[in-house]
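Take a look at the structure below.
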Amino acid sequence: MSPLAHQPTSRVAVLGGARVPFARSDGPYATASNQEMLTAALDALVERHGLQGPGAVGEFVAGAVLKHSRDFNLARETVLGSALDPRTPAYDIQQACGTGLQAVIAAANKIALGQTESAIAGGADTASDAPLGVNDRLRRILLEARRAKTTGGRLKALAKVRPGHLVPDIPRNAEPRTGLSMGEHAAVTARAWGISREEQDALAAASHQRLAAAYERGLFQDLVVPFRGLARDQNLRPGSTVEKLAALKPVFGLDAPGPTMTAGNSTPLTDGAATVLLASEEWAEARGIEPLAYLTAYETAAVDFVGGDVAGGEDGLLMAPAYAVPRMLERAGLGIGDFDLVEIHEAFASQVLATLAAWEKRGLAPVDRARLNVAGSSLATGHPFAATGARIVATLATLLAEREEPGRGLISVCAAGGQGVTAILERT
């Protein structure tokens with residue numbers, strides 16, 4: 001048996017978070033890089049908790065989904081450009097939309113095993129400054145020219161270049177194995193579960209209204225730092241109503257009768273970054289920082305969205321949390337009724353509603369809608385892929401602390417590739 005199996009585990013405390021306001025793509029952050037946004041979020045966290053000293057934090061783990069070649073060592077480069085001690089180790093992680101939560105889990109595991117006392121986790125993504133790949137045919141020609149031994153050989157290879165080869169490869173929001181976008185996959189699932197347009201619009205309107213109310217009561221005072229002229233999430237529409245959303249035309253699922261998914265009940269392409277500070281209880285106590293909550297369980301899952309029961313809705317692209325959450329709750333000996341707050345990442349309103357229906361089908365109690373995404377979620381904030389998990393962890397921990405009594409919160413994040421990442425936060 002591995003020596004690690006004998007090591008006691010420590011409770012992992014969530015001490016705080018910081019993020020930049022999220023912006024719609026091609027807007028205020030159009031020229032901001034992943035590193036610039038992530039550095040801004042990291043610096044805000046460092047300043048807020050006085051983490052500038054030598055060795056103040058054990059490590060930094062973060063990631064991005066849309067990465068330039070210059071981002072190959074994103075977390076480490078972010079540390080070197082930040083107020084954090086440059087001797088702080090850092091590494092990248094990536095699991096599509098689950099990246100931010102997986103970064104939190106990776107950091108938490110080391111703290112729980114006593115391998116480090118503290119860590120910062122997070123993520124950043126820019127849909128505006130997306131990497132453009134060299135056309136693959138042009139790439140092959142350039143490699144052929146590089147391998148040529150003579151000038152004549154190089155010229156002969158370069159002579160093969162045609163105007164069409166100069167068109168760049170632009171990243172697509174599509175699954176490589178199906179060619180369908182995430183929205184098209186979600187539309188298939190929405191039909192399978194019979195999710196109505198009215199339900200979706202109601203959930204989207206509530207997300208905006210609740211996020212606006214959370215800003216008004218000061219929930220994000222210690223979580224959101226102004227950046228490039230924004231102080232609030234740009235996608236937020238405080239006046240959103242079901243009636244206004246009902247006027248929008250469907251944009252996904254147009255290949256079948258009765259499409260229900262619109263730009264209003266789907267998450268827009270977004271730029272942003274978020275970070276979370278995690279530590280052992282002893283580390284927090286030594287620095288006089290009161291934990292907001294504790295990370296007590298986590299679970300991942302994946303579905304076969306290519307060959308599984310896709311038409312029936314069971315194995316839709318974004319349905320992995322339908323498997324991960326029941327498994328996690330069984331292991332923890334908990335039910336839905338044991339949670340005061342439930343945070344489900346709103347990639348699409350239909351996906352949230354399908355997940356709720358799937359949990360009930362698997363024997364879980366219905367989620368009290370008054371406890372669901374009480375401060376809004378991705379439909380209102382936007383969704384910079386790798387940043388969302390860190391945003392949710394920091395927000396949920398703050399919400400639990402705001403209650404000033406013991407409580408428990410559930411996190412569910414769906415991700416591209418048919419994956420899901422889930423977790424439990426508790427305040428005792």
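Chain identifiers are assigned as A, B, and so on, following the order in which chains appear in the structure tokens; residues are numbered from 1 within each chain, and ligands are numbered from 1 in order of appearance.
All residues in range 72-231 of chain A with a DSSP state of strand (DSSP E), computed from the backbone, read Ala90, Tyr91, Asp92, Ser118, Ala119, Ile120, Ala121, Gly122, Gly123, Ala124 and Asp125 of chain A.
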For the selection just defined, write its residues with N, CA, C and O atoms to a file, as a compact mmCIF listing (two decimals), in the first residue's frame.
```
# COMPACT_ATOMS: atom_id res chain seq x y z
N ALA A 90 3.96 26.83 -9.77
CA ALA A 90 2.68 26.96 -10.45
C ALA A 90 2.60 25.95 -11.58
O ALA A 90 3.61 25.57 -12.17
N TYR A 91 1.38 25.52 -11.88
CA TYR A 91 1.20 24.63 -13.02
C TYR A 91 -0.19 24.80 -13.62
O TYR A 91 -1.11 25.28 -12.97
N ASP A 92 -0.32 24.38 -14.87
CA ASP A 92 -1.58 24.51 -15.62
C ASP A 92 -2.40 23.23 -15.53
O ASP A 92 -1.86 22.13 -15.38
N SER A 118 -1.17 25.90 1.77
CA SER A 118 -2.05 26.87 1.13
C SER A 118 -1.84 26.84 -0.37
O SER A 118 -0.78 26.42 -0.86
N ALA A 119 -2.85 27.29 -1.11
CA ALA A 119 -2.75 27.33 -2.57
C ALA A 119 -3.81 28.28 -3.11
O ALA A 119 -4.83 28.52 -2.47
N ILE A 120 -3.54 28.78 -4.30
CA ILE A 120 -4.52 29.58 -5.02
C ILE A 120 -4.85 28.83 -6.30
O ILE A 120 -3.96 28.33 -6.98
N ALA A 121 -6.14 28.72 -6.60
CA ALA A 121 -6.60 28.04 -7.81
C ALA A 121 -7.46 28.99 -8.63
O ALA A 121 -8.04 29.94 -8.09
N GLY A 122 -7.52 28.75 -9.93
CA GLY A 122 -8.35 29.62 -10.75
C GLY A 122 -8.29 29.29 -12.21
O GLY A 122 -7.88 28.19 -12.62
N GLY A 123 -8.70 30.26 -13.02
CA GLY A 123 -8.69 30.06 -14.46
C GLY A 123 -9.06 31.33 -15.19
O GLY A 123 -9.58 32.28 -14.59
N ALA A 124 -8.76 31.36 -16.46
CA ALA A 124 -9.07 32.52 -17.30
C ALA A 124 -9.38 32.04 -18.71
O ALA A 124 -8.90 30.98 -19.14
N ASP A 125 -10.19 32.80 -19.39
CA ASP A 125 -10.44 32.52 -20.81
C ASP A 125 -10.87 33.77 -21.53
O ASP A 125 -11.57 34.61 -20.97
```
Phe348 in chain A surroundings by only C-alpha atoms, 12 Å radius, close-in-sequence under 5 positions cut, as a PyMOL selection string: chain A and resi 182-187+189-190+195+197+199-201+203-204+207+252+260-268+318-319+353-355+377-380+382-383+413-415
Please identify all polymer residues within 9 Å of Thr241 in chain A, counting only C-alpha atoms, omitting same-chain residues fewer than 4 positions from it, and present them as an MDAnalysis selection string. chainID A and resid 201:202 204:206 208:209 245:246
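Atom pair CA of Lys244 in chain A / CA of Arg210 in chain A: separated by 16.5 Å.
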Range 199-299 of chain A residues near range 13-19 of chain A within 10 Å, closest pair each, using only C-alpha atoms, as a tab-separated table:
```
residue	atom	partner	partner_atom	distance
A:Phe220	CA	A:Ala18	CA	9.1
A:Gln221	CA	A:Ala18	CA	9.7
A:Asp222	CA	A:Ala18	CA	7.1
A:Leu223	CA	A:Ala18	CA	4.5
A:Val224	CA	A:Arg19	CA	5.0
A:Val225	CA	A:Arg19	CA	6.1
A:Pro226	CA	A:Arg19	CA	8.8
A:Phe227	CA	A:Arg19	CA	9.3
A:Gly272	CA	A:Arg19	CA	7.7
A:Ala273	CA	A:Arg19	CA	5.7
A:Ala274	CA	A:Arg19	CA	4.0
A:Thr275	CA	A:Ala18	CA	5.4
A:Val276	CA	A:Gly17	CA	4.2
A:Leu277	CA	A:Gly16	CA	5.3
A:Leu278	CA	A:Val14	CA	4.8
A:Ala279	CA	A:Ala13	CA	5.3
A:Ser280	CA	A:Ala13	CA	5.9
A:Glu281	CA	A:Ala13	CA	6.3
A:Glu282	CA	A:Ala13	CA	9.7
A:Trp283	CA	A:Ala13	CA	9.4
A:Ala284	CA	A:Leu15	CA	7.7
A:Ile289	CA	A:Leu15	CA	6.9
A:Glu290	CA	A:Leu15	CA	6.8
A:Pro291	CA	A:Leu15	CA	4.7
A:Leu292	CA	A:Leu15	CA	5.5
A:Ala293	CA	A:Val14	CA	5.4
A:Tyr294	CA	A:Ala13	CA	4.4
A:Leu295	CA	A:Ala13	CA	6.3
A:Thr296	CA	A:Ala13	CA	9.0
```
What does the distance between CA of Leu211 in chain A and CA of Asp26 in chain A come to in Å, to one decimal place?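 Separation between CA of Leu211 in chain A and CA of Asp26 in chain A: 22.5 Å.
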